Amino acid sequence: MPTLRGILHRLRTLIARRAADSETLEELADHLARQTRKHITAGLSADEAARLARIELGGVQRWREETAEVRTGPLLSGLGGDCKYALRSLRKRPGFTAIAVTTLGLGLGASSAIFAVVDGALLRPLPFPEANRLAAISLRMPMPAMRTMVDMSWSYPKFVLFRDRQPVFSAIALHSPETLTIDDRDGAERVSGEAVGSAYFSLIGARPMIGRGFLPAEDSIGAGNSVVVVSDAFWRSRLGADAHPLGRTIEIGGTKRAIVGVMPPSVRGLNGDAQLWVPITSARPPAVLEMSGAHNISMIGRLAPGISLDAADQAVAALGQRIDEAFPSDDGHWGAGIHSLDAVRVAQPVRRALELLMAAVVLVITMVCVNLLTLFFTRGLARREELAVRLAIGASRTRVVRQVVTETLVVTALGALLGVFTGAAASTVLMSALSSSIPAAGPQTELTRLSFAQVGFGLRAALFVAAFAAAIGMVIGIATALRSAPTRLIDALRQTASGVSAARTRAVLVVAQIALALVLLVVSGLTIDSLNRALRVPLGYQPDQLFSVRLTLDPRVLASTSPLNVWNDITREVGGIAGVQTTAFSSCTPIGMHCDGTSITLAGRSDAMHVAYHEVSPKYFAALKTPVIRGREFEATDGVGADPVMVINRAAARRIWGSDDPFTTPVVFGDKTRRVIGIVEDARYEDIEREPEPAIFLPALAGPRTRGVLFVRTTAPGRVAPADIRLAVRRAGRGHAMGDIREITSRLRDAMARSRLSATIVTVFAMTALLLASLGVYGSLALAVLQRSREFAIRRALGANRASLVRMVAGQAVRLSFVGGAIGLMLSWGASRQISGLLYEARPLDARVYGASALLLVAAMAAAALLPSLRTMRANPRDAMRAD
Amino acid sequence: MAAPLPLVPGTLEMLVLKTLTLQPMHGWGIGERIQQLSRDAFHVNQGTLYPVLERLQQRGWVTAEWQPSDNNRRSKYYSLTRAGQRRLAAERSDWERSAAAINLILQTEA
């Protein structure tokens with residue numbers, strides 16, 4: 001235990017460190033003087049005595065530093081000094097510092113952004129109790145054309161059969177995202193909600209804050225029609241956080257429901273933004289629930305204790321057979337199966353994008369490390385003399401190593417700082433891009449959204465950057481220090497050629513980088529090319545100046561009049577807005593909504609053909625500006641009681657009718673035979689990257705639905721605002737619920753978001769890789785020039801001219817690029833075949849793309865080689881004599 | 001004269017404390033005195049004294065004071081504190097016990 005006096009001493013010398021240090025110096029000087037005098041007394045000359053005294057002491061600097069180290073403690077001592085020294089020496093070489101910090105910042109930024117997304121979306125457990133015991137249970141529908149099975153939602157009758165026989169789950173529940181229309185004083189509004197089974201809340205660990213969830217009794221058809229559970233957000237915004245909300249009624253879709261429970265803020269359902277919950281059996285008309293072919297409800301379950309995922313999957317598959325026997329289908333045999341909720345939490349395309357990103361990150365990080373290593377080695381070599389001098393004046397070896405490590409750590413700290421900023425910015429961009437690539441609907445959409453809701457660039461991502469940067473800094477620092485701090489003084493002052501094997505390793509790494517950069521360039525070129533082609537593809541309609549509005553008609557109005565009258569009222573009101581050219585309605589929007597499909601049979605044949613199915617009003621094709629190739633589109637007369645007619649698209653005419661004339665060959669559809677009255681141009685609905693499918697259009701007027709999409713074509717851009725349309729619909733009836741009023745161009749932008757995202761990501765990575773490869777070439781050449789500076793000087797002395805030296809170095813760059821480029825081209829060929837499935841009309845061997853990529857690579861390499869090559873011109877014949 | 005021995009490891013602090021029992025002394029003097037008292041058996045690497053003296057100050061066993069010396073210069077004189085005296089006594093008895101033990105072992109007839 002130190003005494004009080006000791007502690008005071010320690011504090012004083014810590015605070016007045018500089019004073020204490022100069023005292024040590026003075027003391028050592030005093031020591032030398034006394035020792036010198038002793039030797040003089042013994043008869044030595046003054047010079048000889050002083051020299052001997054210094055040798056005996058063994059270096060003033062060393063004891064000064066060791067004493068200082070005692071003063072501040074071994075680890076801390078000199079850290080401040082080291083940092084200051086490091087900063088000073090980094091400032092002296094701004095080019096080196098900028099390159100090193102940018103390289104690191106770029107690499108860490110990209111990887112941390114992707115880490116943040118992957119961590120939230122894939123690694124962190126879903127916010128449910130024992131989330132790893134939850135499973136998504138689905139039917140498997142045969143796809144004979146593709147010889148495979150796809151996951152499918154449940155219909156209620158099939159669910160009932162499953163529920164009554166399944167032995168492997170302790171609880172199962174149906175759930176389905178539902179847009180509910182609520183109606184209060186402010187008018188009707190569409191609100192995101194879920195229709196669920198009673199076990200749903202306990203499965204996802206949702207405990208009501210007030211009241212209860214749903215009762216098992218409310219699962220049976222007709223029993224749950226008058227209850228609703230609301231979210232915290234709904235309770236606060238709509239009910240004014242009423243302390244006694246239970247029993248209050250809300251009008252949902254025309255029926256009054258009493259609130260039985262309020263969920264806490266953390267509960268937003270499986271879709272991540274549910275505001276209301278209603279029993280699934282009350283959300284569909286009983287007639288729909290009884291249809292075994294209405295596959296539109298998802299199911300989750302919790303594995304019973306002791307049951308493994310595989311065992312449950314087998315039991316479910318066996319039940320799938322029973323279901324197939326009970327509900328036979330024409331398409332083939334159906335099945336059933338399960339996935340752990342974690343495995344399906346992110347929709348497949350998004351997961352694939354994330355995995356691609358992860359692979360890209362590993363590549364980028366490797367390149368970053370290699371380049372930093374080369375950079376620091378180059379610099380370390382240039383500093384050998386400086387370090388040698390420090391050793392010579394008595395600095396200990398550990399001090400020198402620590403100095404070098406500190407310097408790398410300072411660089412990595414700056415890089416990490418840059419990395420955190422770029423990472424935070426990049427993760428925001430990445431998230432918005434990825435979110436827009438979540439499919440609009442499908443079994444995994446809700447979970448994907450929920451997983452993404454967990455994503456944020458927070459402490460974990462910052463820690464990731466810090467840990468990564470620290471690891472890189474330590475490894476590179478120690479490696480550099482050991483390479484560049486000479487073991488013996490004599491080695492330091494002699495310019496030793498570094499090992500040939502090290503140079504070869506470096507060359508291999510640089511070649512690998514060049515090859516990789518070229519592969520990424522080619523891939524990004526192909527992606528951009530395919531995106532451009534997709535953007536130019538003829539759509540079959542004009543998306544600008546065309547609004548679409550999703551509409552659900554007011555059930556109270558429908559009680560007294562027909563849907564046809566209501567639609568007519570609405571189109572009349574909206575058509576009256578100044579600037580509106582045409583209004584029409586249909587069952588489906590072109591983009592961003594899943595349209596129905598059905599099968600038809602030509603009269604006199606037996607094979608059923610799959611077609612997309614639309615119900616459209618008169619002037620629909622005029623509003624969309626889809627050309628009518630032959631015949632006519634529907635008119636007001638094609639209504640109830642008129643001849644059964646239909647319009648088909650060009651693809652249907654070609655692929656289904658073939659050589660038959662559609663106008664004389666009617667179609668059997670349902671129980672009616674229909675006559676074709678028009679053929680329209682193919683239009684790309686839903687997915688513009690997919691070839692148009694055969695489609696049939698039936699007159700909506702013959703039996704209008706109670707929901708659909710209103711189309712509004714305006715005369716000039718900006719003439720009509722969404723608010724005008726909203727007001728007009730309100731005039732027709734204030735209970736009609738509207739949603740998603742948008743121009744089709746904006747829907748198209750969304751639809752292209754995924755392709756644009758992959759193009760952006762690949763391009764960013766390609767550019768990063770190109771930059772890193774250039775830095776790699778630069779570093780490696782700079783190192784070579786430095787190592788061979790004496791050789792160059794000798795060559796100059798022996799009569800080589802400057803141009804020949806430049807040629808030598810540039811030649812090395814050319815060789816590296818050539819080998820790297822050749823390997824890269826071969827790899828690109830393989831890689832582009834791999835990705836061609838992801839691209840629209842991919843041309844994996846597009847010469848333009850390959851040529852442009854190679855050209856870009858050559859330009860970058862030339863730029864990188866320029867500086868080191870020019871440096872050889874400085875080689876001076878005189879240095880040949882002077883060195884050593 | 002036999003070649004000077006290196007110090008027995010771990011004993012330098014004790015020896016420094018011992019040299020200071022007679023009178024305050026500067027660093028050079030401490031080294032000289034150890035050599036002298038051991039009749040040149042031990043040779044102290046002179047520089048090592050200064051980190052040790054710093055550590056002894058941190059423990060509070062010695063204190064230092066600048067005093068003028070000849071030629072218009074000054075020297076740092078170290079003196080033993082009471083805590084230092086106690087420490088020396090403790091180290092000394094430990095040393096004697098272990099030395100005796102080592103001797104016992106070495107003297108045993110095998």
# chains A, B, ... in the order shown; residues from 1 in each chain; ligands from 1

call {"tool": "interface_residues", "arguments": {"of": "chain B", "to": "chain A", "cutoff": "8 Å", "atoms": "only C-alpha atoms", "output": "number ranges by chain"}}
result
B: 27-28, 45-48, 50-52, 54-55, 57-61, 74-76, 83

call {"tool": "select_by_dssp", "arguments": {"residues": "stretch 519-748 of chain A", "states": "strand (DSSP E or B)", "output": "PyMOL selection string"}}
result
chain A and resi 546-552+580-586+591+596-602+609-616+628-631+645-649+667-669+672-680+686+695-699+707-714+737-743

call {"tool": "residues_around", "arguments": {"residues": "stretch 14-22 of chain B", "least_positions_apart": "5", "cutoff": "9 Å", "atoms": "only C-alpha atoms", "output": "number ranges by chain"}}
result
B: 30-31, 33-34, 37, 49, 52-53, 56, 61-62, 78-80, 84-85, 87-88, 91-92

call {"tool": "select_by_dssp", "arguments": {"residues": "chain B", "states": "helix (DSSP H, G or I)", "output": "ChimeraX atom specification"}}
result
/B:12-19,27-37,46-59,82-107

call {"tool": "residues_around", "arguments": {"residues": "A:Ile823", "least_positions_apart": "4", "cutoff": "8 Å", "atoms": "only C-alpha atoms", "output": "PyMOL selection string"}}
result
chain A and resi 515+819+827

call {"tool": "write_last_selection", "arguments": {"atoms": "all heavy atoms", "output": "short mmCIF file (atom, residue, chain, number, x, y, z; two decimals), in the first residue's frame"}}
result
data_model
loop_
_atom_site.label_atom_id
_atom_site.label_comp_id
_atom_site.auth_asym_id
_atom_site.auth_seq_id
_atom_site.Cartn_x
_atom_site.Cartn_y
_atom_site.Cartn_z
N ALA A 515 -9.06 -8.57 -60.65
CA ALA A 515 -10.02 -9.52 -61.22
C ALA A 515 -11.40 -9.30 -60.62
O ALA A 515 -12.40 -9.22 -61.32
CB ALA A 515 -9.54 -10.94 -60.97
N VAL A 819 -2.98 -9.64 -66.30
CA VAL A 819 -3.28 -10.93 -65.68
C VAL A 819 -4.61 -10.83 -64.91
O VAL A 819 -5.51 -11.67 -65.08
CB VAL A 819 -2.14 -11.35 -64.73
CG1 VAL A 819 -2.50 -12.65 -64.03
CG2 VAL A 819 -0.85 -11.50 -65.51
N LEU A 827 -13.88 -14.97 -64.97
CA LEU A 827 -14.81 -15.06 -63.83
C LEU A 827 -16.12 -14.35 -64.18
O LEU A 827 -17.20 -14.83 -63.83
CB LEU A 827 -14.19 -14.43 -62.59
CG LEU A 827 -13.01 -15.19 -62.00
CD1 LEU A 827 -12.47 -14.45 -60.79
CD2 LEU A 827 -13.43 -16.59 -61.58
#

call {"tool": "atom_distance", "arguments": {"atom1": "atom CA of A:Asn271", "atom2": "atom CA of A:Thr448"}}
result
8.3 Å

call {"tool": "residues_around", "arguments": {"residues": "stretch 329-346 of chain A", "least_positions_apart": "5", "cutoff": "8 Å", "atoms": "only C-alpha atoms", "output": "PyMOL selection string"}}
result
chain A and resi 121-122+125-126+131-144+309+312-314+316-321+323-324+351+444-445+447-448+451

call {"tool": "write_last_selection", "arguments": {"atoms": "N, CA and C atoms", "output": "compact mmCIF listing (two decimals), in the first residue's frame"}}
result
# COMPACT_ATOMS: atom_id res chain seq x y z
N ALA A 121 -32.69 -7.60 -39.32
CA ALA A 121 -33.64 -8.36 -40.13
C ALA A 121 -33.45 -9.86 -40.00
N LEU A 122 -32.24 -10.32 -39.72
CA LEU A 122 -32.01 -11.76 -39.71
C LEU A 122 -31.49 -12.31 -38.38
N PRO A 125 -33.51 -12.03 -32.62
CA PRO A 125 -34.73 -12.84 -32.61
C PRO A 125 -35.96 -11.96 -32.81
N LEU A 126 -36.98 -12.54 -33.41
CA LEU A 126 -38.24 -11.83 -33.57
C LEU A 126 -38.78 -11.48 -32.18
N ALA A 131 -39.49 -17.32 -29.71
CA ALA A 131 -39.76 -17.18 -31.14
C ALA A 131 -39.24 -18.38 -31.93
N ASN A 132 -38.25 -19.09 -31.36
CA ASN A 132 -37.69 -20.21 -32.12
C ASN A 132 -38.59 -21.44 -32.12
N ARG A 133 -39.67 -21.42 -31.30
CA ARG A 133 -40.61 -22.54 -31.31
C ARG A 133 -41.84 -22.23 -32.17
N LEU A 134 -41.83 -21.08 -32.82
CA LEU A 134 -42.96 -20.71 -33.67
C LEU A 134 -42.70 -21.18 -35.10
N ALA A 135 -43.76 -21.60 -35.76
CA ALA A 135 -43.61 -22.06 -37.13
C ALA A 135 -44.73 -21.49 -37.99
N ALA A 136 -44.38 -21.23 -39.26
CA ALA A 136 -45.40 -20.85 -40.24
C ALA A 136 -45.87 -22.15 -40.90
N ILE A 137 -47.17 -22.40 -40.86
CA ILE A 137 -47.72 -23.63 -41.40
C ILE A 137 -48.42 -23.26 -42.71
N SER A 138 -48.08 -23.98 -43.78
CA SER A 138 -48.72 -23.61 -45.04
C SER A 138 -49.09 -24.85 -45.85
N LEU A 139 -50.03 -24.63 -46.76
CA LEU A 139 -50.34 -25.66 -47.74
C LEU A 139 -49.28 -25.60 -48.82
N ARG A 140 -49.14 -26.69 -49.56
CA ARG A 140 -48.21 -26.66 -50.71
C ARG A 140 -49.02 -26.93 -51.96
N MET A 141 -48.97 -25.97 -52.88
CA MET A 141 -49.77 -26.09 -54.08
C MET A 141 -48.87 -26.59 -55.21
N PRO A 142 -49.33 -27.58 -55.97
CA PRO A 142 -48.50 -28.06 -57.08
C PRO A 142 -48.45 -27.05 -58.21
N MET A 143 -47.28 -26.90 -58.81
CA MET A 143 -47.13 -26.04 -59.99
C MET A 143 -46.63 -26.94 -61.11
N PRO A 144 -47.56 -27.62 -61.79
CA PRO A 144 -47.14 -28.64 -62.77
C PRO A 144 -46.19 -28.07 -63.82
N LEU A 309 -38.85 -29.61 -35.00
CA LEU A 309 -39.37 -29.01 -36.23
C LEU A 309 -39.58 -30.09 -37.31
N ALA A 312 -42.57 -32.27 -36.55
CA ALA A 312 -43.80 -31.55 -36.83
C ALA A 312 -44.03 -31.47 -38.33
N ASP A 313 -42.94 -31.24 -39.09
CA ASP A 313 -43.07 -31.12 -40.54
C ASP A 313 -43.62 -32.42 -41.13
N GLN A 314 -43.14 -33.58 -40.61
CA GLN A 314 -43.64 -34.86 -41.11
C GLN A 314 -45.12 -35.04 -40.80
N VAL A 316 -47.28 -32.72 -40.30
CA VAL A 316 -48.07 -31.79 -41.12
C VAL A 316 -48.18 -32.31 -42.54
N ALA A 317 -47.07 -32.89 -43.06
CA ALA A 317 -47.11 -33.42 -44.42
C ALA A 317 -48.14 -34.55 -44.52
N ALA A 318 -48.19 -35.40 -43.47
CA ALA A 318 -49.17 -36.48 -43.46
C ALA A 318 -50.59 -35.92 -43.46
N LEU A 319 -50.79 -34.87 -42.67
CA LEU A 319 -52.11 -34.24 -42.65
C LEU A 319 -52.43 -33.60 -44.00
N GLY A 320 -51.38 -33.09 -44.67
CA GLY A 320 -51.57 -32.50 -45.98
C GLY A 320 -52.18 -33.50 -46.95
N GLN A 321 -51.76 -34.78 -46.84
CA GLN A 321 -52.33 -35.82 -47.69
C GLN A 321 -53.81 -36.01 -47.40
N ILE A 323 -55.80 -33.80 -46.25
CA ILE A 323 -56.51 -32.64 -46.77
C ILE A 323 -56.69 -32.78 -48.28
N ASP A 324 -55.63 -33.27 -48.96
CA ASP A 324 -55.71 -33.44 -50.41
C ASP A 324 -56.79 -34.45 -50.78
N ARG A 351 -34.08 -11.72 -48.76
CA ARG A 351 -33.04 -12.51 -48.12
C ARG A 351 -31.88 -12.72 -49.09
N GLN A 444 -44.94 -13.84 -46.60
CA GLN A 444 -43.87 -13.38 -45.73
C GLN A 444 -43.80 -11.87 -45.60
N THR A 445 -44.67 -11.19 -46.31
CA THR A 445 -44.56 -9.74 -46.33
C THR A 445 -44.63 -9.14 -44.92
N LEU A 447 -44.00 -10.53 -41.96
CA LEU A 447 -42.84 -10.81 -41.12
C LEU A 447 -41.63 -10.02 -41.58
N THR A 448 -41.48 -9.88 -42.89
CA THR A 448 -40.36 -9.10 -43.40
C THR A 448 -40.44 -7.69 -42.86
N SER A 451 -39.52 -7.69 -39.23
CA SER A 451 -38.08 -7.83 -39.05
C SER A 451 -37.38 -6.52 -39.36

call {"tool": "atom_distance", "arguments": {"atom1": "atom CA of A:Arg874", "atom2": "atom CA of A:Tyr778"}}
result
17.3 Å

call {"tool": "residues_around", "arguments": {"residues": "A:Arg815", "least_positions_apart": "4", "cutoff": "12 Å", "atoms": "only C-alpha atoms", "output": "ChimeraX atom specification"}}
result
/A:507-508,510-511,514,777,781,807-811,819-822,858,861-862,865

call {"tool": "write_last_selection", "arguments": {"atoms": "N, CA and C atoms", "output": "mmCIF file, in the first residue's frame"}}
result
data_model
loop_
_atom_site.group_PDB
_atom_site.id
_atom_site.type_symbol
_atom_site.label_atom_id
_atom_site.label_comp_id
_atom_site.auth_asym_id
_atom_site.auth_seq_id
_atom_site.Cartn_x
_atom_site.Cartn_y
_atom_site.Cartn_z
ATOM 1 N N ALA A 507 1.746 -9.221 -55.260
ATOM 2 C CA ALA A 507 1.321 -9.205 -56.659
ATOM 3 C C ALA A 507 0.063 -10.054 -56.833
ATOM 4 N N VAL A 508 0.045 -11.229 -56.174
ATOM 5 C CA VAL A 508 -1.118 -12.110 -56.283
ATOM 6 C C VAL A 508 -2.357 -11.392 -55.737
ATOM 7 N N VAL A 510 -2.900 -8.190 -55.507
ATOM 8 C CA VAL A 510 -3.316 -7.096 -56.397
ATOM 9 C C VAL A 510 -4.049 -7.661 -57.606
ATOM 10 N N VAL A 511 -3.513 -8.744 -58.166
ATOM 11 C CA VAL A 511 -4.169 -9.366 -59.321
ATOM 12 C C VAL A 511 -5.583 -9.808 -58.938
ATOM 13 N N ILE A 514 -7.843 -6.834 -58.863
ATOM 14 C CA ILE A 514 -8.195 -6.348 -60.201
ATOM 15 C C ILE A 514 -9.260 -7.252 -60.809
ATOM 16 N N VAL A 777 -3.005 -1.267 -56.546
ATOM 17 C CA VAL A 777 -1.960 -1.149 -57.560
ATOM 18 C C VAL A 777 -1.013 -0.017 -57.183
ATOM 19 N N LEU A 781 2.923 -0.599 -56.394
ATOM 20 C CA LEU A 781 3.943 0.017 -57.241
ATOM 21 C C LEU A 781 4.801 0.981 -56.435
ATOM 22 N N ARG A 807 9.010 3.182 -68.079
ATOM 23 C CA ARG A 807 8.462 2.025 -68.775
ATOM 24 C C ARG A 807 8.541 0.776 -67.906
ATOM 25 N N MET A 808 9.644 0.637 -67.168
ATOM 26 C CA MET A 808 9.801 -0.552 -66.318
ATOM 27 C C MET A 808 8.672 -0.664 -65.300
ATOM 28 N N VAL A 809 8.411 0.465 -64.618
ATOM 29 C CA VAL A 809 7.385 0.442 -63.572
ATOM 30 C C VAL A 809 5.998 0.323 -64.180
ATOM 31 N N ALA A 810 5.768 1.131 -65.223
ATOM 32 C CA ALA A 810 4.459 1.071 -65.870
ATOM 33 C C ALA A 810 4.239 -0.326 -66.419
ATOM 34 N N GLY A 811 5.317 -0.949 -66.884
ATOM 35 C CA GLY A 811 5.213 -2.308 -67.412
ATOM 36 C C GLY A 811 4.701 -3.261 -66.352
ATOM 37 N N VAL A 819 -2.975 -9.641 -66.302
ATOM 38 C CA VAL A 819 -3.285 -10.928 -65.677
ATOM 39 C C VAL A 819 -4.606 -10.829 -64.912
ATOM 40 N N GLY A 820 -4.737 -9.755 -64.095
ATOM 41 C CA GLY A 820 -5.976 -9.578 -63.323
ATOM 42 C C GLY A 820 -7.174 -9.465 -64.237
ATOM 43 N N GLY A 821 -7.015 -8.695 -65.317
ATOM 44 C CA GLY A 821 -8.121 -8.498 -66.240
ATOM 45 C C GLY A 821 -8.522 -9.794 -66.922
ATOM 46 N N ALA A 822 -7.528 -10.586 -67.318
ATOM 47 C CA ALA A 822 -7.836 -11.850 -68.000
ATOM 48 C C ALA A 822 -8.605 -12.779 -67.066
ATOM 49 N N VAL A 858 -8.884 -0.316 -67.195
ATOM 50 C CA VAL A 858 -7.586 0.122 -67.711
ATOM 51 C C VAL A 858 -7.329 1.575 -67.315
ATOM 52 N N MET A 861 -6.455 1.781 -63.658
ATOM 53 C CA MET A 861 -5.131 1.240 -63.381
ATOM 54 C C MET A 861 -4.051 2.210 -63.852
ATOM 55 N N ALA A 862 -4.293 2.822 -65.008
ATOM 56 C CA ALA A 862 -3.317 3.774 -65.527
ATOM 57 C C ALA A 862 -3.169 4.943 -64.566
ATOM 58 N N ALA A 865 -1.141 3.914 -61.653
ATOM 59 C CA ALA A 865 0.275 3.656 -61.912
ATOM 60 C C ALA A 865 1.036 4.936 -62.197
#

call {"tool": "closest_residue", "arguments": {"among": "B:Met25, B:Ile105, B:Gln35, B:Phe42", "to": "B:Pro9", "atoms": "only C-alpha atoms"}}
result
B:Phe42

call {"tool": "residues_around", "arguments": {"residues": "stretch 161-165 of chain A", "least_positions_apart": "2", "cutoff": "10 Å", "atoms": "only C-alpha atoms", "output": "ChimeraX atom specification"}}
result
/A:154,156-159,167-169,171-173,316,319-320,322-323,326,336

call {"tool": "write_last_selection", "arguments": {"atoms": "N, CA and C atoms", "output": "PDB file, in the first residue's frame"}}
result
ATOM      1  N   TRP A 154     -54.113 -20.795 -46.402  1.00  0.00           N
ATOM      2  CA  TRP A 154     -55.163 -21.757 -46.094  1.00  0.00           C
ATOM      3  C   TRP A 154     -56.532 -21.231 -46.469  1.00  0.00           C
ATOM      4  N   TYR A 156     -60.564 -21.722 -45.103  1.00  0.00           N
ATOM      5  CA  TYR A 156     -61.105 -22.048 -43.786  1.00  0.00           C
ATOM      6  C   TYR A 156     -61.466 -23.525 -43.634  1.00  0.00           C
ATOM      7  N   PRO A 157     -62.136 -24.143 -44.623  1.00  0.00           N
ATOM      8  CA  PRO A 157     -62.483 -25.564 -44.445  1.00  0.00           C
ATOM      9  C   PRO A 157     -61.239 -26.453 -44.271  1.00  0.00           C
ATOM     10  N   LYS A 158     -60.183 -26.156 -45.021  1.00  0.00           N
ATOM     11  CA  LYS A 158     -58.962 -26.955 -44.885  1.00  0.00           C
ATOM     12  C   LYS A 158     -58.322 -26.730 -43.518  1.00  0.00           C
ATOM     13  N   PHE A 159     -58.411 -25.488 -43.047  1.00  0.00           N
ATOM     14  CA  PHE A 159     -57.890 -25.193 -41.711  1.00  0.00           C
ATOM     15  C   PHE A 159     -58.632 -26.011 -40.650  1.00  0.00           C
ATOM     16  N   PRO A 167     -51.582 -33.093 -34.140  1.00  0.00           N
ATOM     17  CA  PRO A 167     -51.130 -33.455 -32.802  1.00  0.00           C
ATOM     18  C   PRO A 167     -49.827 -32.771 -32.376  1.00  0.00           C
ATOM     19  N   VAL A 168     -49.240 -31.910 -33.217  1.00  0.00           N
ATOM     20  CA  VAL A 168     -47.864 -31.488 -32.946  1.00  0.00           C
ATOM     21  C   VAL A 168     -47.720 -30.049 -32.473  1.00  0.00           C
ATOM     22  N   PHE A 169     -48.790 -29.288 -32.499  1.00  0.00           N
ATOM     23  CA  PHE A 169     -48.694 -27.907 -32.045  1.00  0.00           C
ATOM     24  C   PHE A 169     -49.505 -27.717 -30.765  1.00  0.00           C
ATOM     25  N   ALA A 171     -50.497 -24.777 -29.882  1.00  0.00           N
ATOM     26  CA  ALA A 171     -51.504 -23.778 -30.248  1.00  0.00           C
ATOM     27  C   ALA A 171     -51.296 -23.408 -31.705  1.00  0.00           C
ATOM     28  N   ILE A 172     -52.395 -23.179 -32.436  1.00  0.00           N
ATOM     29  CA  ILE A 172     -52.293 -22.675 -33.792  1.00  0.00           C
ATOM     30  C   ILE A 172     -53.298 -21.540 -33.952  1.00  0.00           C
ATOM     31  N   ALA A 173     -52.989 -20.627 -34.872  1.00  0.00           N
ATOM     32  CA  ALA A 173     -53.940 -19.532 -35.103  1.00  0.00           C
ATOM     33  C   ALA A 173     -53.840 -19.055 -36.538  1.00  0.00           C
ATOM     34  N   VAL A 316     -47.285 -32.718 -40.300  1.00  0.00           N
ATOM     35  CA  VAL A 316     -48.072 -31.795 -41.115  1.00  0.00           C
ATOM     36  C   VAL A 316     -48.177 -32.308 -42.544  1.00  0.00           C
ATOM     37  N   LEU A 319     -50.788 -34.868 -42.671  1.00  0.00           N
ATOM     38  CA  LEU A 319     -52.112 -34.245 -42.654  1.00  0.00           C
ATOM     39  C   LEU A 319     -52.429 -33.602 -43.996  1.00  0.00           C
ATOM     40  N   GLY A 320     -51.383 -33.093 -44.668  1.00  0.00           N
ATOM     41  CA  GLY A 320     -51.569 -32.501 -45.981  1.00  0.00           C
ATOM     42  C   GLY A 320     -52.176 -33.500 -46.946  1.00  0.00           C
ATOM     43  N   ARG A 322     -54.155 -36.027 -46.100  1.00  0.00           N
ATOM     44  CA  ARG A 322     -55.575 -36.158 -45.743  1.00  0.00           C
ATOM     45  C   ARG A 322     -56.386 -35.016 -46.340  1.00  0.00           C
ATOM     46  N   ILE A 323     -55.795 -33.801 -46.245  1.00  0.00           N
ATOM     47  CA  ILE A 323     -56.507 -32.636 -46.772  1.00  0.00           C
ATOM     48  C   ILE A 323     -56.691 -32.777 -48.277  1.00  0.00           C
ATOM     49  N   ALA A 326     -59.459 -35.084 -48.941  1.00  0.00           N
ATOM     50  CA  ALA A 326     -60.773 -34.520 -48.638  1.00  0.00           C
ATOM     51  C   ALA A 326     -61.171 -33.439 -49.648  1.00  0.00           C
ATOM     52  N   ALA A 336     -48.797 -30.166 -47.495  1.00  0.00           N
ATOM     53  CA  ALA A 336     -48.687 -29.150 -46.451  1.00  0.00           C
ATOM     54  C   ALA A 336     -47.321 -29.282 -45.813  1.00  0.00           C
TER      55      ALA A 336
END

call {"tool": "atom_distance", "arguments": {"atom1": "atom CA of A:Ala116", "atom2": "atom CA of A:Thr760"}}
result
18.5 Å
